[in-house]
file protein-v4.cif (mmCIF, C-alpha atoms)
data_upload
loop_
_atom_site.label_atom_id
_atom_site.label_comp_id
_atom_site.auth_asym_id
_atom_site.auth_seq_id
_atom_site.Cartn_x
_atom_site.Cartn_y
_atom_site.Cartn_z
CA MET A 26 -35.27 38.37 16.26
CA SER A 27 -31.99 38.34 18.12
CA HIS A 28 -29.60 41.27 18.10
CA ALA A 29 -25.93 40.85 18.86
CA SER A 30 -24.40 43.38 21.20
CA PRO A 31 -21.69 45.71 19.87
CA SER A 32 -19.07 43.97 22.01
CA SER A 33 -20.00 40.53 20.64
CA LYS A 34 -19.79 41.92 17.08
CA ARG A 35 -16.30 43.32 17.82
CA HIS A 36 -15.26 39.99 19.31
CA ALA A 37 -16.55 38.14 16.23
CA GLY A 38 -14.63 40.54 13.97
CA ARG A 39 -11.40 40.08 15.94
CA SER A 40 -11.89 36.33 15.95
CA ALA A 41 -12.35 36.27 12.16
CA ARG A 42 -9.22 38.40 11.65
CA ARG A 43 -7.21 36.13 13.96
CA ARG A 44 -8.45 33.07 12.10
CA ALA A 45 -7.52 34.59 8.72
CA MET A 46 -4.09 35.59 10.04
CA SER A 47 -3.54 32.13 11.47
CA ILE A 48 -4.49 30.47 8.18
CA GLY A 49 -2.28 32.95 6.33
CA LEU A 50 0.71 32.09 8.50
CA PHE A 51 0.15 28.36 8.05
CA VAL A 52 -0.20 28.82 4.28
CA LEU A 53 2.85 31.08 3.96
CA GLY A 54 4.95 28.82 6.18
CA SER A 55 3.93 25.78 4.19
CA ALA A 56 4.78 27.53 0.90
CA VAL A 57 8.19 28.56 2.26
CA PHE A 58 9.03 24.98 3.22
CA TYR A 59 7.77 23.56 -0.10
CA ALA A 60 9.73 26.21 -2.02
CA GLY A 61 12.83 25.41 0.06
CA ALA A 62 12.45 21.76 -0.92
CA MET A 63 12.28 22.78 -4.59
CA VAL A 64 15.48 24.82 -4.22
CA ALA A 65 17.16 21.80 -2.62
CA MET A 66 15.97 19.65 -5.55
CA LYS A 67 17.53 22.16 -7.95
CA LEU A 68 20.84 21.72 -6.09
CA TRP A 69 20.81 17.94 -6.63
CA GLY A 70 24.28 16.86 -7.71
CA GLN A 71 25.99 19.78 -5.98
CA ALA A 72 25.92 18.22 -2.52
CA PRO A 73 25.93 14.67 -1.18
CA PRO A 74 22.65 13.01 -2.26
CA LEU A 75 21.87 11.66 1.21
CA VAL A 76 22.21 15.11 2.75
CA LEU A 77 19.96 16.67 0.10
CA LEU A 78 17.45 13.84 0.45
CA LEU A 79 17.23 14.47 4.20
CA VAL A 80 16.91 18.23 3.66
CA ILE A 81 14.17 17.75 1.05
CA ALA A 82 12.27 15.25 3.21
CA THR A 83 12.50 17.52 6.26
CA LEU A 84 11.32 20.59 4.35
CA MET A 85 8.47 18.68 2.70
CA GLY A 86 7.44 17.21 6.05
CA ALA A 87 7.39 20.67 7.64
CA GLY A 88 5.33 22.00 4.73
CA VAL A 89 2.83 19.16 5.11
CA TRP A 90 2.60 19.75 8.87
CA LEU A 91 1.76 23.43 8.35
CA GLU A 92 -0.66 22.63 5.54
CA ILE A 93 -2.50 20.27 7.87
CA GLY A 94 -2.76 23.17 10.34
CA ALA A 95 -4.35 25.34 7.66
CA LEU A 96 -6.72 22.55 6.65
CA GLN A 97 -8.06 22.36 10.20
CA SER A 98 -9.70 25.77 9.70
CA GLU A 99 -10.29 26.14 5.98
CA ARG A 100 -11.49 24.28 2.88
CA LEU A 101 -9.05 22.03 1.00
CA GLY A 102 -9.50 23.78 -2.34
CA LEU A 103 -8.81 27.22 -0.91
CA VAL A 104 -5.76 26.11 1.11
CA TYR A 105 -4.32 24.37 -1.95
CA VAL A 106 -4.75 27.43 -4.17
CA LEU A 107 -3.28 29.78 -1.56
CA ILE A 108 -0.21 27.60 -1.01
CA LEU A 109 0.28 27.15 -4.74
CA GLY A 110 0.08 30.90 -5.34
CA ALA A 111 2.53 31.74 -2.56
CA GLU A 112 4.87 28.95 -3.63
CA CYS A 113 4.78 30.19 -7.23
CA LEU A 114 5.90 33.65 -6.12
CA LEU A 115 8.61 32.28 -3.79
CA ILE A 116 10.01 29.91 -6.44
CA ALA A 117 10.14 32.71 -9.02
CA LEU A 118 11.97 34.93 -6.54
CA ALA A 119 14.44 32.20 -5.55
CA SER A 120 15.14 31.12 -9.13
CA SER A 121 15.83 34.71 -10.13
CA LEU A 122 17.93 35.68 -7.11
CA TRP A 123 19.92 32.49 -6.48
CA PHE A 124 20.07 30.83 -9.88
CA GLY A 125 20.04 33.87 -12.17
CA GLU A 126 17.12 32.48 -14.17
CA ASN A 127 15.12 34.85 -16.34
CA PHE A 128 11.45 34.61 -17.27
CA SER A 129 9.74 35.08 -20.62
CA THR A 130 6.74 37.36 -20.95
CA ARG A 131 4.48 34.28 -21.18
CA GLU A 132 5.94 32.83 -17.97
CA ILE A 133 5.46 36.13 -16.14
CA LEU A 134 1.86 36.40 -17.38
CA GLY A 135 1.19 32.80 -16.33
CA GLY A 136 2.57 33.47 -12.86
CA LEU A 137 0.49 36.62 -12.57
CA MET A 138 -2.61 34.65 -13.56
CA ILE A 139 -1.90 32.15 -10.77
CA LEU A 140 -1.51 35.01 -8.29
CA LEU A 141 -4.70 36.67 -9.55
CA GLY A 142 -6.56 33.37 -9.20
CA THR A 143 -5.22 33.06 -5.67
CA ALA A 144 -6.43 36.56 -4.82
CA VAL A 145 -9.88 35.83 -6.29
CA ALA A 146 -10.10 32.55 -4.33
CA TRP A 147 -9.04 34.25 -1.07
CA SER A 148 -11.54 37.13 -1.37
#
call {"tool": "encode", "arguments": {"input": "protein-v4.cif", "output": "structure tokens"}}
result
Amino acid sequence: MSHASPSSKRHAGRSARRRAMSIGLFVLGSAVFYAGAMVAMKLWGQAPPLVLLLVIATLMGAGVWLEIGALQSERLGLVYVLILGAECLLIALASSLWFGENFSTREILGGLMILLGTAVAWS
């Protein structure tokens, strides 16, 4: 039977926290870029289409790049759910703040269910 030393246990704990933080940053960054692309899509017709197309493509590409970073360390299903949950929250915030959109009780409950599912998947 092998026993790990206290210092190796601390190192393993720090390493796990760093890994989780790294994945979290990749996931949050990816969600921010994807949500930014959605906001740009909502603005279609209010700016030159070529400019918006380039903005959308750039934001989507950046989101994909960060998602790939998260996928290097974590399972596909979990990364997808985490990004979707964060993106859901960011889109709701943006649509309320910038576009003055309101949400019905059913929409709010649906969004909360997505966030709850994300929390369950992460834990």
call {"tool": "resolve_selection", "arguments": {"input": "protein-v4.cif", "expression": "the PyMOL selection byres ((chain A and resi 62-72) around 12)", "output": "JSON, numbers by chain"}}
result
{"A": [55, 56, 57, 58, 59, 60, 61, 73, 74, 75, 76, 77, 78, 79, 80, 81, 82, 83, 84, 85, 86, 87, 88, 89, 112, 113, 115, 116, 117, 118, 119, 120, 121, 122, 123, 124]}
call {"tool": "resolve_selection", "arguments": {"input": "protein-v4.cif", "expression": "the PyMOL selection byres ((chain A and resi 91-105) around 9)", "output": "count of residues only"}}
result
24
call {"tool": "atom_distance", "arguments": {"input": "protein-v4.cif", "atom1": "atom CA of A:Gly136", "atom2": "atom CA of A:Ala111"}}
result
10.4 Å
call {"tool": "atom_distance", "arguments": {"input": "protein-v4.cif", "atom1": "atom CA of A:Ala144", "atom2": "atom CA of A:Asn127"}}
result
24.5 Å
call {"tool": "atom_distance", "arguments": {"input": "protein-v4.cif", "atom1": "atom CA of A:Ile139", "atom2": "atom CA of A:Met46"}}
result
21.2 Å
